[in-house]
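J.: Submitted below is the structure of interest, expressed as structure tokens.
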Number of protein chains: 2
Amino acid sequence: VPDLEILETVRWRDGVVRILDQTRLPAEEVYLDLATTAEVVDAIRRLAVRGAPAIGVTGALAVAQAAAQIGGHSAPEWIARVQESARVVAEARPTAVNLRWAVDRVVSVLWRAAGRGAGIESLQGLALDEAQVILAEDLALSAAMGRHGAQLLPEEGRVLTHCNTGGLATAGGGTALGVVFEAVRQGKRIFVYADETRPLLQGARLTAWELQRAGIPCAVLCDGAAAWLFRTSPIDAVLVGADRVAANGDTANKIGTLSVALVARAFKVPFFVVAPRSSFDLSLADGRVIAIEERDPEEVLSWQGVRSAPEGVDAWNPAFDITPAGLVSGWVTERGVERPPFAETPETEA
Amino acid sequence: VPDLEILETVRWRDGVVRILDQTRLPAEEVYLDLATTAEVVDAIRRLAVRGAPAIGVTGALAVAQAAAQIGGHSAPEWIARVQESARVVAEARPTAVNLRWAVDRVVSVLWRAAGRGAGIESLQGLALDEAQVILAEDLALSAAMGRHGAQLLPEEGRVLTHCNTGGLATAGGGTALGVVFEAVRQGKRIFVYADETRPLLQGARLTAWELQRAGIPCAVLCDGAAAWLFRTSPIDAVLVGADRVAANGDTANKIGTLSVALVARAFKVPFFVVAPRSSFDLSLADGRVIAIEERDPEEVLSWQGVRSAPEGVDAWNPAFDITPAGLVSGWVTERGVERPPFAETPETEA
């Protein structure tokens, strides 16, 4: 039975951060209870939880968890210790701006409340409250992005996606794929072509799993096949997520996004980035200074332990690339379909 | 010890067609003795031998083998039976024009000799002679393409390749990768970025194996990463092979080639097709009528036998795409670096 209900990708359960282990999908739907900061950091690093918004929520919950587990005598000394855990969490992955943003947001709530004289026990409660607010906001942001983005799709159409940008990439709603879910909830008939997304195959493993669960027709294709797809089939839009968007609109996203954007431009297919404003880093003038995480070459040279290349061969494995703003038709955020310069209005406007 | 000697990809050995089993590489270097037409067709279909020139040579040897095994009383009736085997061989893969070309070439030798009164035993010898000439010509063609193509590369440089176009794609010399081998033999220092080439990973498995064997430095990358490579590193040329080139230069090659060509154009990287004239089908005005083989979706949905996508999900798996002539900087053939309209001079000019 198709299920358009949102996933429980990341949740708080009695002191543990419970995540749906994305490394086990699609074979098994296994939830992990992460009991310590070290376990959360490990889960983020090995991509058991992934997707910029989902990592942000996870990071916020990890700080609340550290706050609950750390003892102390004075609030400032205690916050400094919580902050040390927060720093470790924030550095688990360098490219996604949401992680640092969410972690910093919880920590800054602690400093502000401590400044007003709150005690440690009260601060522990505030940390969890703030993390839960970030989670709830994430669900609301997904819903808002879905509504704004769904208007871009026809009653019957085809979209191409890259990587996984569904419920699994967020607390449960989705960014780019969330737009498709909302369009289908509205009764639109959408067919999704899902880039398999090497090296970690998030498209084949996760996007296809989410679409199948929701009863939305789809086909997986190899990343290099996008150009031939555009050449031979009418595609209405490319929808991708973002790990970080600079002030001018330059967009860091999963490796392969830039190739898709260039190819979409060649065939005049609209190319939309769907990301919450928390993925925007307006302190960066453009994409040139965005740090690009390079990951283990082994991710390219093998998959699930089966090797392709001979032993001793090297690989080049950037995790992200940067698509220049000029190739993007629009940025779907919780505020609407935006274009640079992006207004710097308060986050609470969402 | 680096080995720049040519591979023995396809050879005739006492009545059997001996091939290097490319499905076992790079883990094992296993040679298969194919004793019947059915075994040859199976080997071609499951890509134990692949690459348009290598398939052509294999097809010619298969016709010689069928000729040796088939008996008969009158030459015309005998040739008709050989021709029936030849047809089965020629249809093993639809896109590569070399296969039909090589098979037809052996069969037409038989008809011509029969017209001059040759008997069956004599015709059997002629079939093998012609197949061996096609093999020897293939080695000579590779050498010529290598010489012409190597002039396009700087003394020290970097190239990107797609799929496998080395000795394994030919009788032993190579097309696009053969150009790199020849440049290195001339003392040039070339670094090769090898697209892994999903779905069957010929780049990671075969190109990396050949480069490692030859001591040429290389790095494997995911197909979608090409744009970011061009954006972040100076690349001197893209070198690809071809399965079929139309009269106007439209070029059918491994799926993903069109994406690479578009991306190369965006970053002004020269894009060369390296293919013998036997891959050119001047009877086709342009690429629109080239048949594109669609292969088993399972090739996309799993990776070397390990499944990525959930059961029941569909995939789109075209084996080739067509790059319009306008994206190609030049076609390196045994005759030089050519551009359309391609001169229709005799094949023997090579």
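Each chain in the structure tokens gets a letter, A, B and so on, in the order shown; residues start at 1 in every chain, and ligands are counted from 1 in the order they appear.
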Could you pull the residues within 12 Å of Ile134 (chain B), counting only C-alpha atoms, minus those fewer than 6 positions along the same chain, as a ChimeraX atom specification?

T.: /B:10-12,53-61,64,98-99,101-106,127-128,140-141,170-171,278,347-348

J.: Using only C-alpha atoms, I'd like every residue of chain B that has an atom within 6 Å of chain A; please write them out as a list in words.

T.: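 Therefore, the residues near the partner are Pro26, Ala204, Arg205, Ala219, Val220, Leu221, Asp223, Gly224, Ala225, Ala227, Trp228, Ile255, Gly256, Ser259, Ser308, Ala309, Pro310, Asp314, Ala315, Trp316 and Asp321 of chain B.
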
J.: Please, what distance in Å, to one decimal, runs between CA of Gly167 (chain B) and CA of Arg46 (chain B)?

T.: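 For CA of Gly167 (chain B) relative to CA of Arg46 (chain B), the distance reads 18.6 Å.
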
J.: Would you please give, as a PyMOL selection string, all residues of region 136-341 of chain A that DSSP assigns to strand (DSSP E or B) based on the backbone?

T.: chain A and resi 156-161+189-195+218-221+237-240+244-246+251-254+271-274+280-281+294+302-303+306-307+314-315+318+320-323+330-333+336-338

J.: With C-alpha atoms retained, write the just-selected residues as a PDB file, in the first residue's frame.

T.:
```pdb
ATOM      1  CA  GLU A 156       1.403  15.328 -15.524  1.00  0.00           C
ATOM      2  CA  GLY A 157       5.137  15.398 -15.928  1.00  0.00           C
ATOM      3  CA  ARG A 158       8.593  13.943 -15.511  1.00  0.00           C
ATOM      4  CA  VAL A 159      11.398  15.131 -13.300  1.00  0.00           C
ATOM      5  CA  LEU A 160      15.015  14.111 -12.862  1.00  0.00           C
ATOM      6  CA  THR A 161      16.513  14.000  -9.378  1.00  0.00           C
ATOM      7  CA  ARG A 189       0.942  12.519 -11.903  1.00  0.00           C
ATOM      8  CA  ILE A 190       4.721  12.709 -11.725  1.00  0.00           C
ATOM      9  CA  PHE A 191       7.244  10.193 -13.041  1.00  0.00           C
ATOM     10  CA  VAL A 192      10.676  10.437 -11.433  1.00  0.00           C
ATOM     11  CA  TYR A 193      13.950   9.590 -13.128  1.00  0.00           C
ATOM     12  CA  ALA A 194      16.383   9.033 -10.264  1.00  0.00           C
ATOM     13  CA  ASP A 195      20.132   9.379 -10.889  1.00  0.00           C
ATOM     14  CA  CYS A 218      10.174   5.919 -11.179  1.00  0.00           C
ATOM     15  CA  ALA A 219      13.189   4.601 -13.053  1.00  0.00           C
ATOM     16  CA  VAL A 220      16.771   4.603 -11.863  1.00  0.00           C
ATOM     17  CA  LEU A 221      19.425   5.610 -14.394  1.00  0.00           C
ATOM     18  CA  ALA A 237      12.390  19.855 -14.470  1.00  0.00           C
ATOM     19  CA  VAL A 238      15.522  18.824 -12.632  1.00  0.00           C
ATOM     20  CA  LEU A 239      15.088  19.049  -8.853  1.00  0.00           C
ATOM     21  CA  VAL A 240      18.151  18.857  -6.599  1.00  0.00           C
ATOM     22  CA  ARG A 244      25.333  25.059   1.000  1.00  0.00           C
ATOM     23  CA  VAL A 245      24.180  28.045  -1.048  1.00  0.00           C
ATOM     24  CA  ALA A 246      26.318  31.200  -1.219  1.00  0.00           C
ATOM     25  CA  THR A 251      25.252  25.968  -4.860  1.00  0.00           C
ATOM     26  CA  ALA A 252      27.303  23.167  -3.312  1.00  0.00           C
ATOM     27  CA  ASN A 253      25.586  19.819  -3.685  1.00  0.00           C
ATOM     28  CA  LYS A 254      26.379  16.130  -4.212  1.00  0.00           C
ATOM     29  CA  PHE A 271      16.973  23.271 -13.055  1.00  0.00           C
ATOM     30  CA  PHE A 272      15.740  24.011  -9.516  1.00  0.00           C
ATOM     31  CA  VAL A 273      17.562  23.856  -6.194  1.00  0.00           C
ATOM     32  CA  VAL A 274      15.258  23.012  -3.278  1.00  0.00           C
ATOM     33  CA  PHE A 280      22.111  29.317   2.722  1.00  0.00           C
ATOM     34  CA  ASP A 281      25.340  30.882   3.940  1.00  0.00           C
ATOM     35  CA  GLU A 294      37.160  14.765  -0.250  1.00  0.00           C
ATOM     36  CA  SER A 302      34.371  -0.499  -4.582  1.00  0.00           C
ATOM     37  CA  TRP A 303      30.762  -0.717  -3.482  1.00  0.00           C
ATOM     38  CA  VAL A 306      32.977  -5.557  -3.853  1.00  0.00           C
ATOM     39  CA  ARG A 307      35.942  -4.050  -5.654  1.00  0.00           C
ATOM     40  CA  ASP A 314      43.999   5.612  -7.143  1.00  0.00           C
ATOM     41  CA  ALA A 315      40.669   7.435  -7.277  1.00  0.00           C
ATOM     42  CA  PRO A 318      35.188  14.843  -4.138  1.00  0.00           C
ATOM     43  CA  PHE A 320      30.403  17.709  -3.639  1.00  0.00           C
ATOM     44  CA  ASP A 321      30.684  20.132  -6.483  1.00  0.00           C
ATOM     45  CA  ILE A 322      29.587  23.728  -6.909  1.00  0.00           C
ATOM     46  CA  THR A 323      27.029  24.722  -9.506  1.00  0.00           C
ATOM     47  CA  GLY A 330      15.338  29.162  -9.129  1.00  0.00           C
ATOM     48  CA  TRP A 331      15.892  28.287  -5.474  1.00  0.00           C
ATOM     49  CA  VAL A 332      12.825  26.812  -3.788  1.00  0.00           C
ATOM     50  CA  THR A 333      12.974  27.646  -0.071  1.00  0.00           C
ATOM     51  CA  GLY A 336       8.945  30.668  -2.098  1.00  0.00           C
ATOM     52  CA  VAL A 337      10.870  30.422  -5.349  1.00  0.00           C
ATOM     53  CA  GLU A 338      13.748  32.823  -4.778  1.00  0.00           C
TER      54      GLU A 338
END
```

J.: Within 8 Å of Leu168 (chain A), counting only C-alpha atoms, which residues qualify if same-chain residues fewer than 3 places away don't, as a JSON list (two decimals) with all heavy atoms, in the first residue's frame?

T.:
```json
[["chain", "number", "residue", "atom", "x", "y", "z"],
["A", 7, "LEU", "N", 8.48, 10.15, 6.78],
["A", 7, "LEU", "CA", 9.37, 9.21, 7.46],
["A", 7, "LEU", "C", 9.81, 9.77, 8.82],
["A", 7, "LEU", "O", 9.81, 10.97, 9.03],
["A", 7, "LEU", "CB", 10.63, 8.99, 6.61],
["A", 7, "LEU", "CG", 10.45, 8.18, 5.34],
["A", 7, "LEU", "CD1", 11.65, 8.37, 4.43],
["A", 7, "LEU", "CD2", 10.27, 6.71, 5.70],
["A", 9, "THR", "N", 12.93, 9.97, 10.13],
["A", 9, "THR", "CA", 14.36, 9.84, 9.83],
["A", 9, "THR", "C", 15.22, 10.05, 11.07],
["A", 9, "THR", "O", 16.17, 9.30, 11.31],
["A", 9, "THR", "CB", 14.75, 10.88, 8.76],
["A", 9, "THR", "OG1", 13.85, 10.75, 7.66],
["A", 9, "THR", "CG2", 16.17, 10.68, 8.29],
["A", 22, "GLN", "N", 20.57, 4.65, 7.23],
["A", 22, "GLN", "CA", 20.46, 4.72, 5.77],
["A", 22, "GLN", "C", 21.49, 3.86, 5.06],
["A", 22, "GLN", "O", 21.38, 3.63, 3.85],
["A", 22, "GLN", "CB", 20.55, 6.18, 5.32],
["A", 22, "GLN", "CG", 19.43, 6.99, 5.97],
["A", 22, "GLN", "CD", 19.28, 8.38, 5.40],
["A", 22, "GLN", "OE1", 19.56, 8.62, 4.23],
["A", 22, "GLN", "NE2", 18.82, 9.30, 6.23],
["A", 49, "VAL", "N", 23.19, 8.63, 8.83],
["A", 49, "VAL", "CA", 22.25, 9.74, 8.64],
["A", 49, "VAL", "C", 22.94, 10.72, 7.71],
["A", 49, "VAL", "O", 24.14, 10.99, 7.84],
["A", 49, "VAL", "CB", 21.83, 10.39, 9.98],
["A", 49, "VAL", "CG1", 23.04, 10.88, 10.77],
["A", 49, "VAL", "CG2", 20.84, 11.51, 9.75],
["A", 50, "ARG", "N", 22.21, 11.25, 6.73],
["A", 50, "ARG", "CA", 22.84, 12.11, 5.72],
["A", 50, "ARG", "C", 21.77, 13.04, 5.15],
["A", 50, "ARG", "O", 20.59, 12.88, 5.43],
["A", 50, "ARG", "CB", 23.47, 11.27, 4.61],
["A", 50, "ARG", "CG", 22.59, 10.11, 4.16],
["A", 50, "ARG", "CD", 22.73, 9.79, 2.74],
["A", 50, "ARG", "NE", 22.24, 10.89, 1.92],
["A", 50, "ARG", "CZ", 20.95, 11.17, 1.73],
["A", 50, "ARG", "NH1", 19.99, 10.48, 2.28],
["A", 50, "ARG", "NH2", 20.60, 12.21, 0.97],
["A", 51, "GLY", "N", 22.21, 14.01, 4.35],
["A", 51, "GLY", "CA", 21.31, 15.04, 3.85],
["A", 51, "GLY", "C", 21.45, 16.23, 4.79],
["A", 51, "GLY", "O", 21.32, 16.08, 6.01],
["A", 54, "ALA", "N", 18.78, 16.80, 7.59],
["A", 54, "ALA", "CA", 18.74, 15.70, 8.55],
["A", 54, "ALA", "C", 19.95, 15.74, 9.46],
["A", 54, "ALA", "O", 19.86, 15.48, 10.68],
["A", 54, "ALA", "CB", 18.67, 14.35, 7.82],
["A", 164, "ASN", "N", 19.74, 11.75, -2.90],
["A", 164, "ASN", "CA", 18.47, 11.60, -2.18],
["A", 164, "ASN", "C", 18.14, 12.90, -1.49],
["A", 164, "ASN", "O", 18.94, 13.45, -0.73],
["A", 164, "ASN", "CB", 18.54, 10.48, -1.14],
["A", 164, "ASN", "CG", 17.27, 10.46, -0.29],
["A", 164, "ASN", "OD1", 17.25, 10.99, 0.80],
["A", 164, "ASN", "ND2", 16.21, 9.89, -0.82],
["A", 165, "THR", "N", 16.97, 13.39, -1.76],
["A", 165, "THR", "CA", 16.51, 14.67, -1.22],
["A", 165, "THR", "C", 15.10, 14.50, -0.67],
["A", 165, "THR", "O", 14.32, 15.44, -0.66],
["A", 165, "THR", "CB", 16.52, 15.74, -2.32],
["A", 165, "THR", "OG1", 15.67, 15.25, -3.39],
["A", 165, "THR", "CG2", 17.90, 15.99, -2.85],
["A", 171, "ALA", "N", 14.33, 15.74, 8.41],
["A", 171, "ALA", "CA", 13.72, 15.06, 9.56],
["A", 171, "ALA", "C", 12.56, 14.17, 9.12],
["A", 171, "ALA", "O", 12.05, 13.38, 9.91],
["A", 171, "ALA", "CB", 13.24, 16.09, 10.57],
["A", 172, "GLY", "N", 12.15, 14.28, 7.87],
["A", 172, "GLY", "CA", 11.07, 13.41, 7.40],
["A", 172, "GLY", "C", 10.30, 13.93, 6.20],
["A", 172, "GLY", "O", 9.61, 13.15, 5.54],
["A", 173, "GLY", "N", 10.39, 15.20, 5.88],
["A", 173, "GLY", "CA", 9.55, 15.74, 4.81],
["A", 173, "GLY", "C", 10.20, 15.68, 3.45],
["A", 173, "GLY", "O", 9.62, 15.19, 2.49],
["A", 174, "GLY", "N", 11.44, 16.17, 3.36],
["A", 174, "GLY", "CA", 12.13, 16.17, 2.08],
["A", 174, "GLY", "C", 12.31, 17.55, 1.52],
["A", 174, "GLY", "O", 11.56, 18.48, 1.84],
["A", 206, "LEU", "N", 18.12, 4.96, -1.89],
["A", 206, "LEU", "CA", 17.24, 5.70, -0.98],
["A", 206, "LEU", "C", 16.08, 6.38, -1.71],
["A", 206, "LEU", "O", 14.92, 6.26, -1.28],
["A", 206, "LEU", "CB", 18.07, 6.73, -0.21],
["A", 206, "LEU", "CG", 19.31, 6.15, 0.51],
["A", 206, "LEU", "CD1", 20.09, 7.26, 1.20],
["A", 206, "LEU", "CD2", 18.92, 5.06, 1.50]]
```

J.: Using only C-alpha atoms, which residue out of A:Arg81, A:His73, A:Arg87, A:Arg24 lies closest to Val41 (chain A)?

T.: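 When distances to Val41 (chain A) are compared using only C-alpha atoms, the smallest one comes from A:Arg87.
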
J.: Would you return as a PDB file with N, CA and C atoms, in the first residue's frame the members of region 208-242 of chain A that DSSP assigns to alpha helix (DSSP H) on this structure's backbone?

T.:
```pdb
ATOM      1  N   ALA A 208      14.885   5.667  -4.706  1.00  0.00           N
ATOM      2  CA  ALA A 208      14.010   4.628  -5.260  1.00  0.00           C
ATOM      3  C   ALA A 208      13.186   3.979  -4.151  1.00  0.00           C
ATOM      4  N   TRP A 209      13.776   3.782  -2.988  1.00  0.00           N
ATOM      5  CA  TRP A 209      13.051   3.183  -1.855  1.00  0.00           C
ATOM      6  C   TRP A 209      11.912   4.088  -1.408  1.00  0.00           C
ATOM      7  N   GLU A 210      12.193   5.384  -1.297  1.00  0.00           N
ATOM      8  CA  GLU A 210      11.135   6.320  -0.870  1.00  0.00           C
ATOM      9  C   GLU A 210      10.008   6.414  -1.898  1.00  0.00           C
ATOM     10  N   LEU A 211      10.391   6.420  -3.183  1.00  0.00           N
ATOM     11  CA  LEU A 211       9.365   6.532  -4.227  1.00  0.00           C
ATOM     12  C   LEU A 211       8.516   5.273  -4.286  1.00  0.00           C
ATOM     13  N   GLN A 212       9.157   4.126  -4.153  1.00  0.00           N
ATOM     14  CA  GLN A 212       8.417   2.865  -4.158  1.00  0.00           C
ATOM     15  C   GLN A 212       7.444   2.824  -2.973  1.00  0.00           C
ATOM     16  N   ARG A 213       7.927   3.247  -1.805  1.00  0.00           N
ATOM     17  CA  ARG A 213       7.093   3.278  -0.602  1.00  0.00           C
ATOM     18  C   ARG A 213       5.867   4.175  -0.808  1.00  0.00           C
ATOM     19  N   ALA A 214       6.072   5.271  -1.571  1.00  0.00           N
ATOM     20  CA  ALA A 214       4.989   6.227  -1.791  1.00  0.00           C
ATOM     21  C   ALA A 214       4.137   5.882  -3.011  1.00  0.00           C
ATOM     22  N   ALA A 226      22.051  11.136 -18.097  1.00  0.00           N
ATOM     23  CA  ALA A 226      21.102  12.255 -18.046  1.00  0.00           C
ATOM     24  C   ALA A 226      21.005  12.983 -19.385  1.00  0.00           C
ATOM     25  N   ALA A 227      22.139  13.194 -20.029  1.00  0.00           N
ATOM     26  CA  ALA A 227      22.115  13.941 -21.284  1.00  0.00           C
ATOM     27  C   ALA A 227      21.270  13.207 -22.327  1.00  0.00           C
ATOM     28  N   TRP A 228      21.450  11.900 -22.404  1.00  0.00           N
ATOM     29  CA  TRP A 228      20.698  11.127 -23.393  1.00  0.00           C
ATOM     30  C   TRP A 228      19.215  11.081 -23.031  1.00  0.00           C
ATOM     31  N   LEU A 229      18.919  11.105 -21.734  1.00  0.00           N
ATOM     32  CA  LEU A 229      17.519  11.189 -21.304  1.00  0.00           C
ATOM     33  C   LEU A 229      16.901  12.487 -21.816  1.00  0.00           C
ATOM     34  N   PHE A 230      17.584  13.608 -21.590  1.00  0.00           N
ATOM     35  CA  PHE A 230      17.053  14.896 -22.040  1.00  0.00           C
ATOM     36  C   PHE A 230      16.914  14.919 -23.564  1.00  0.00           C
ATOM     37  N   ARG A 231      17.836  14.265 -24.251  1.00  0.00           N
ATOM     38  CA  ARG A 231      17.831  14.266 -25.715  1.00  0.00           C
ATOM     39  C   ARG A 231      16.665  13.450 -26.258  1.00  0.00           C
ATOM     40  N   THR A 232      16.239  12.426 -25.497  1.00  0.00           N
ATOM     41  CA  THR A 232      15.261  11.481 -26.052  1.00  0.00           C
ATOM     42  C   THR A 232      13.890  11.544 -25.382  1.00  0.00           C
TER      43      THR A 232
END
```
